[in-house]
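Just below is one structure, and these are the notes that go with it.
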Amino acid sequence: MIKKIVLVGNPNVGKSVVFSRLTGANVIASNYPGTTVDYSKGKMRLDGERVDIIDAPGTYSLQATNKAEEVAVKMFKEADIVINVLDSTNLERNLYLTLELLETDKPIILVLNLWDEANHLGIKIDAEELERIIRIPVVTTVALTGEGIKNLVNRLKEAKSNEKIKPTSEEGRWIEIGSIISKVEKVEHRHHTIRDIISDLTIKPATGIPIAFLIVFFAFWLVRLIGETLINYFFNPIFNDYYLPLIYDLSDYLGPGFIHKILIGEYGQQINFIESLGMLTTGIYIPFAAVLPYIVSFYFTLSILEDTGYLPRLATLVDNVFHRLGMHGHGIVPMFLGLGCNVPGALSTRTLETRKQRFISATLLAICVPCMAQLAMVFGVLGRFGIYYIGLVFIVLTVLYIILGLVLNKFIKGESPEIFLEIPKYRRPSLKATIKKTWMRVRWFLREAIPYLFLGVLLINIAYAIGILQWFGKAVQPIMAGVFGLPGEASIALITGFLRKDLAVGMLLSFDMTAMQLVIAVTMLTVYFPCVATFVVLIKELGLKDMLKSVILMISVAIIVGFILRILLLGV
Amino acid sequence: MINTTKSLMNLSYNKEAKIIQIQGGRGFQSKLRVMGIREGQKIKIISRQPFRGPITISINGCQMTLGRGMAHRIIVEEL
């Protein structure tokens with residue numbers, strides 16, 4: 001009985017696209033090694049039976065060198081049928097894993113993906129001859145367009161093992177591969193294309209570093225432009241012109257009371273979508289009108305950076321800096337993903353090899369990298385005082401990232417291996433894939449954010465009604481005012497920040513603070529603690545003991561930074 | 001015959017060379033080999049990052065970035 005089909009292959013061969021073609025599921029595919037760090041699971045029909053199909057993280061060999069690869073090997077062992085996906089443009093290297101797989105007794109089917117690109121590059125592979133030699137089914141596909149997928153499904157049941165291939169040494173496998181390649185592959189000479197020229201320009205330091213600055217700057221500019229445009233011309237008009245009158249009607253209908261307070265906010269006051277703190281006002285406005293536009297614009301931009309294959313080049317260019325911070329160039333990936341949401345950022349630390357690197361990367365992420373939900377609110381809250389204040393927050397966080405990295409690199413025991421990364425060929429991102437990917441991440445955001453926002457609004461309202469928060473605000477007033485120069489109520493925002501940081505930033509608005517006080521509060525809100533969703537993931541990734549260390553760091557850094565900022569920005 | 005073997009680190013930019021030997025532990029060797037960096041393969045340096053940064057090589061139509069410490073342990077013969 002076939003119960004479980006597992007996709008196995010090197011990183012960046014289009015496994016995830018094959019997977020999404022087979023299941024019809026929405027799966028993220030990028031031109032960056034190590035995007036799938038966890039496995040995706042889906043279902044497909046095979047002869048009327050429903051079977052599980054699993055997309056394992058990419059691996060070059062069954063000898064795992066990082067956590068993501070360990071997951072892949074584990075998934076492989078549980079498989080009833082293995083679909084081994086290969087990059088046709090790079091057959092020789094891909095065949096190493098194939099031979100390792102063939103030494104086991106798992107039934108295997110081979111998929112030569114990126115078939116069109118191989119043709120394009122003048123690489124001719126005789127798939128039928130390959131099938132004759134290794135005696136397992138071989139199909140060719142262009143997963144991005146769906147070509148060959150039907151054939152793959154039809155031949156799935158033919159998957160089989162090859163008993164003739166016995167476990168051998170590394171050396172033996174390469175000899176075998178050499179003999180296979182000489183029989184099935186012919187490569188025509190190829191001229192330098194425009195793609196190669198761009199590739200060279202973006203990786204050579206003299207041209208690559210200025211281009212990197214331009215690209216990152218342009219990316220942020222694009223995120224801001226798309227986000228702001230969506231808010232000003234789409235979401236705000238809808239909320240102000242259509243939604244607000246409805247809420248006023250509801251307010252009249254409900255009249256004063258606790259229900260009104262929870263759903264809308266204080267009765268009789270003007271309704272303010274950010275400060276009213278009602279489920280139907282703040283609880284709806286923040287996720288949809290304040291944060292969603294930026295989530296859309298951020299992930300749209302990130303998708304393009306990922307799918308083109310630019311990120312590995314960026315990782316190469318920044319390796320120098322990140323190596324001094326105890327990681328290597330790959331460390332920029334958790335940071336970039338974390339700017340969208342800290343949760344996927346924390347998961348992607350798995351692609352780093354050692355405990356030391358993962359600890360530093362995850363801790364710096366939790367302390368210094370604000371997520372897009374929080375940033376969107378910072379743009380909204382601080383933006384009114386001028387771009388200067390937003391810049392100030394960014395500068396403080398960047399300096400902190402570097403200082404903390406240098407310190408942690410010195411004091412955390414363990415090794416920081418050097419960078420070793422494949423640089424994929426540039427690919428043109430497909431608009432369809434980009435939109436699909438953005439939509440998936442947006443949906444994920446809404447599903448995660450709205451329950452927590454509602455819960456946050458509800459808890460705060462209840463706590464206010466009972467008087468706990470007022471009491472707490474007064475109790476810590478001396479500390480907040482004395483050490484950080486902030487009003488006592490700011491502590492309430494810090495507590496709320498554990499649930500949702502975007503909501504917490506919004507709350508700061510109602511406390512009547514100066515721009516500099518807001519800068520301090522917003523920075524502390526980023527540094528002191530991750531939100532509950534990230535917190536849970538970090539415990540899983542780092543383990544309880546390391547997470548405890550990380551938490552102690554977060555809190556002490558927040559106190560120190562808050563105090564220093566108070567002296568620098570507010571004077572003593 | 002002149003001995004022309006040297007570490008990959010000392011190979012001039014854009015000159016083609018053949019890998020003669022990979023020095024280091026078994027784990028290190030096989031980590032490189034499964035990525036296609038192995039004896040007998042032709043290799044070329046595409047770029048070097050400044051301040052002891054990593055180098056990017058081209059091998060068998062693939063490009064890879066690796067640290068200088070690793071590059072030092074790859075012995076090549078210039079062609």
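If you're wondering about the labels, chains in the structure tokens are A, B, ... by order shown, residues count from 1 in each chain, ligands from 1 in order shown.
Once segment 51-68 of chain B and its same-chain neighbours fewer than 3 positions away are set aside, A:Thr316, A:Asp319, A:Asn320, A:Glu418, A:Ile419, A:Phe420, A:Leu421, A:Glu422, A:Ile423, A:Pro424, B:Met9, B:Lys42, B:Ile43, B:Lys44, B:Ile45, B:Ile46, B:Ser47, B:Arg48, B:Ala71, B:His72 remain within 7 Å of it when counting only C-alpha atoms.
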May I have the selected residues written with C-alpha atoms, as an mmCIF file, in the first residue's frame?
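The resulting file, result.cif, is shown below:
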data_model
loop_
_atom_site.group_PDB
_atom_site.id
_atom_site.type_symbol
_atom_site.label_atom_id
_atom_site.label_comp_id
_atom_site.auth_asym_id
_atom_site.auth_seq_id
_atom_site.Cartn_x
_atom_site.Cartn_y
_atom_site.Cartn_z
ATOM 1 C CA THR A 316 28.279 36.671 -0.788
ATOM 2 C CA ASP A 319 29.639 37.673 4.158
ATOM 3 C CA ASN A 320 32.535 39.743 5.419
ATOM 4 C CA GLU A 418 32.764 29.776 6.564
ATOM 5 C CA ILE A 419 30.195 30.489 3.893
ATOM 6 C CA PHE A 420 29.621 27.754 1.317
ATOM 7 C CA LEU A 421 26.778 28.553 -0.957
ATOM 8 C CA GLU A 422 25.581 27.786 -4.443
ATOM 9 C CA ILE A 423 24.999 30.818 -6.666
ATOM 10 C CA PRO A 424 22.072 29.889 -8.885
ATOM 11 C CA MET B 9 43.607 31.049 -3.124
ATOM 12 C CA LYS B 42 38.208 22.373 -13.919
ATOM 13 C CA ILE B 43 37.793 25.438 -11.744
ATOM 14 C CA LYS B 44 37.930 29.207 -12.245
ATOM 15 C CA ILE B 45 37.745 32.188 -9.882
ATOM 16 C CA ILE B 46 34.919 34.572 -10.765
ATOM 17 C CA SER B 47 35.346 37.110 -7.965
ATOM 18 C CA ARG B 48 37.071 37.800 -4.667
ATOM 19 C CA ALA B 71 39.902 27.851 -0.712
ATOM 20 C CA HIS B 72 43.338 27.485 0.906
#
Report as a list in words all protein, DNA and RNA residues lying within 10 Å of Gly340 of chain A, evaluated on only C-alpha atoms, omitting residues in the same chain fewer than 3 positions from it.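 Here the qualifying residues turn out to be Tyr294, Ile295, Val296, Phe298, Tyr299, Leu302, Met335, Phe336, Leu337, Val343, Pro344, Gly345, Val369, Pro370, Cys371, Met372, Ala373, Gln374, Leu375, Arg441 and Phe445 of chain A.
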Write out, as a PDB file, in the first residue's frame, the residues just selected, with C-alpha atoms.
ATOM      1  CA  TYR A 294       2.657  46.806   3.880  1.00  0.00           C
ATOM      2  CA  ILE A 295       2.518  43.021   4.128  1.00  0.00           C
ATOM      3  CA  VAL A 296       1.408  42.933   0.497  1.00  0.00           C
ATOM      4  CA  PHE A 298       6.859  43.707   1.434  1.00  0.00           C
ATOM      5  CA  TYR A 299       6.225  40.160   0.292  1.00  0.00           C
ATOM      6  CA  LEU A 302      10.812  40.046  -1.336  1.00  0.00           C
ATOM      7  CA  MET A 335      17.174  38.914   8.796  1.00  0.00           C
ATOM      8  CA  PHE A 336      15.347  39.660   5.536  1.00  0.00           C
ATOM      9  CA  LEU A 337      12.612  37.097   6.142  1.00  0.00           C
ATOM     10  CA  VAL A 343       8.397  33.535  12.665  1.00  0.00           C
ATOM     11  CA  PRO A 344       9.669  32.465   9.203  1.00  0.00           C
ATOM     12  CA  GLY A 345      12.874  34.338  10.002  1.00  0.00           C
ATOM     13  CA  VAL A 369      14.626  43.068  13.611  1.00  0.00           C
ATOM     14  CA  PRO A 370      11.137  44.593  13.728  1.00  0.00           C
ATOM     15  CA  CYS A 371       8.507  42.752  11.703  1.00  0.00           C
ATOM     16  CA  MET A 372       6.483  44.426   8.960  1.00  0.00           C
ATOM     17  CA  ALA A 373       3.364  44.590  11.116  1.00  0.00           C
ATOM     18  CA  GLN A 374       5.269  46.598  13.680  1.00  0.00           C
ATOM     19  CA  LEU A 375       7.098  48.674  11.061  1.00  0.00           C
ATOM     20  CA  ARG A 441       1.719  34.957   2.847  1.00  0.00           C
ATOM     21  CA  PHE A 445      -0.734  36.866   8.105  1.00  0.00           C
TER      22      PHE A 445
END
If you run DSSP on this backbone, which residues of chain B come out as strand (DSSP E), and could you give them as a PyMOL selection string? chain B and resi 5-7+17-22+42-48+55-59+62-66+74-78
Choose the residue, out of B:Ala17, B:Gln23, B:Asn10, B:Ile37, that has the smallest atom-to-atom separation from chain A; count only C-alpha atoms.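 When distances to chain A are compared using only C-alpha atoms, the smallest one comes from B:Ile37.
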Output as a PyMOL selection string all residues of segment 40-75 of chain B that backbone DSSP marks as alpha helix (DSSP H). chain B and resi 68-72
Would you write out those residues with C-alpha atoms, as a CSV table (one decimal), in the first residue's frame?
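Here's the written file out_16.csv:
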chain,number,residue,atom,x,y,z
B,68,ARG,CA,39.1,31.7,2.0
B,69,GLY,CA,40.0,29.1,4.6
B,70,MET,CA,38.3,26.5,2.5
B,71,ALA,CA,39.9,27.9,-0.7
B,72,HIS,CA,43.3,27.5,0.9
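Residues lying within 8 Å of segment 25-35 of chain B, counting only C-alpha atoms and ignoring same-chain neighbours fewer than 5 positions away, are Tyr60, Ser61, Thr65, Arg93, Tyr96 and Glu170 of chain A.
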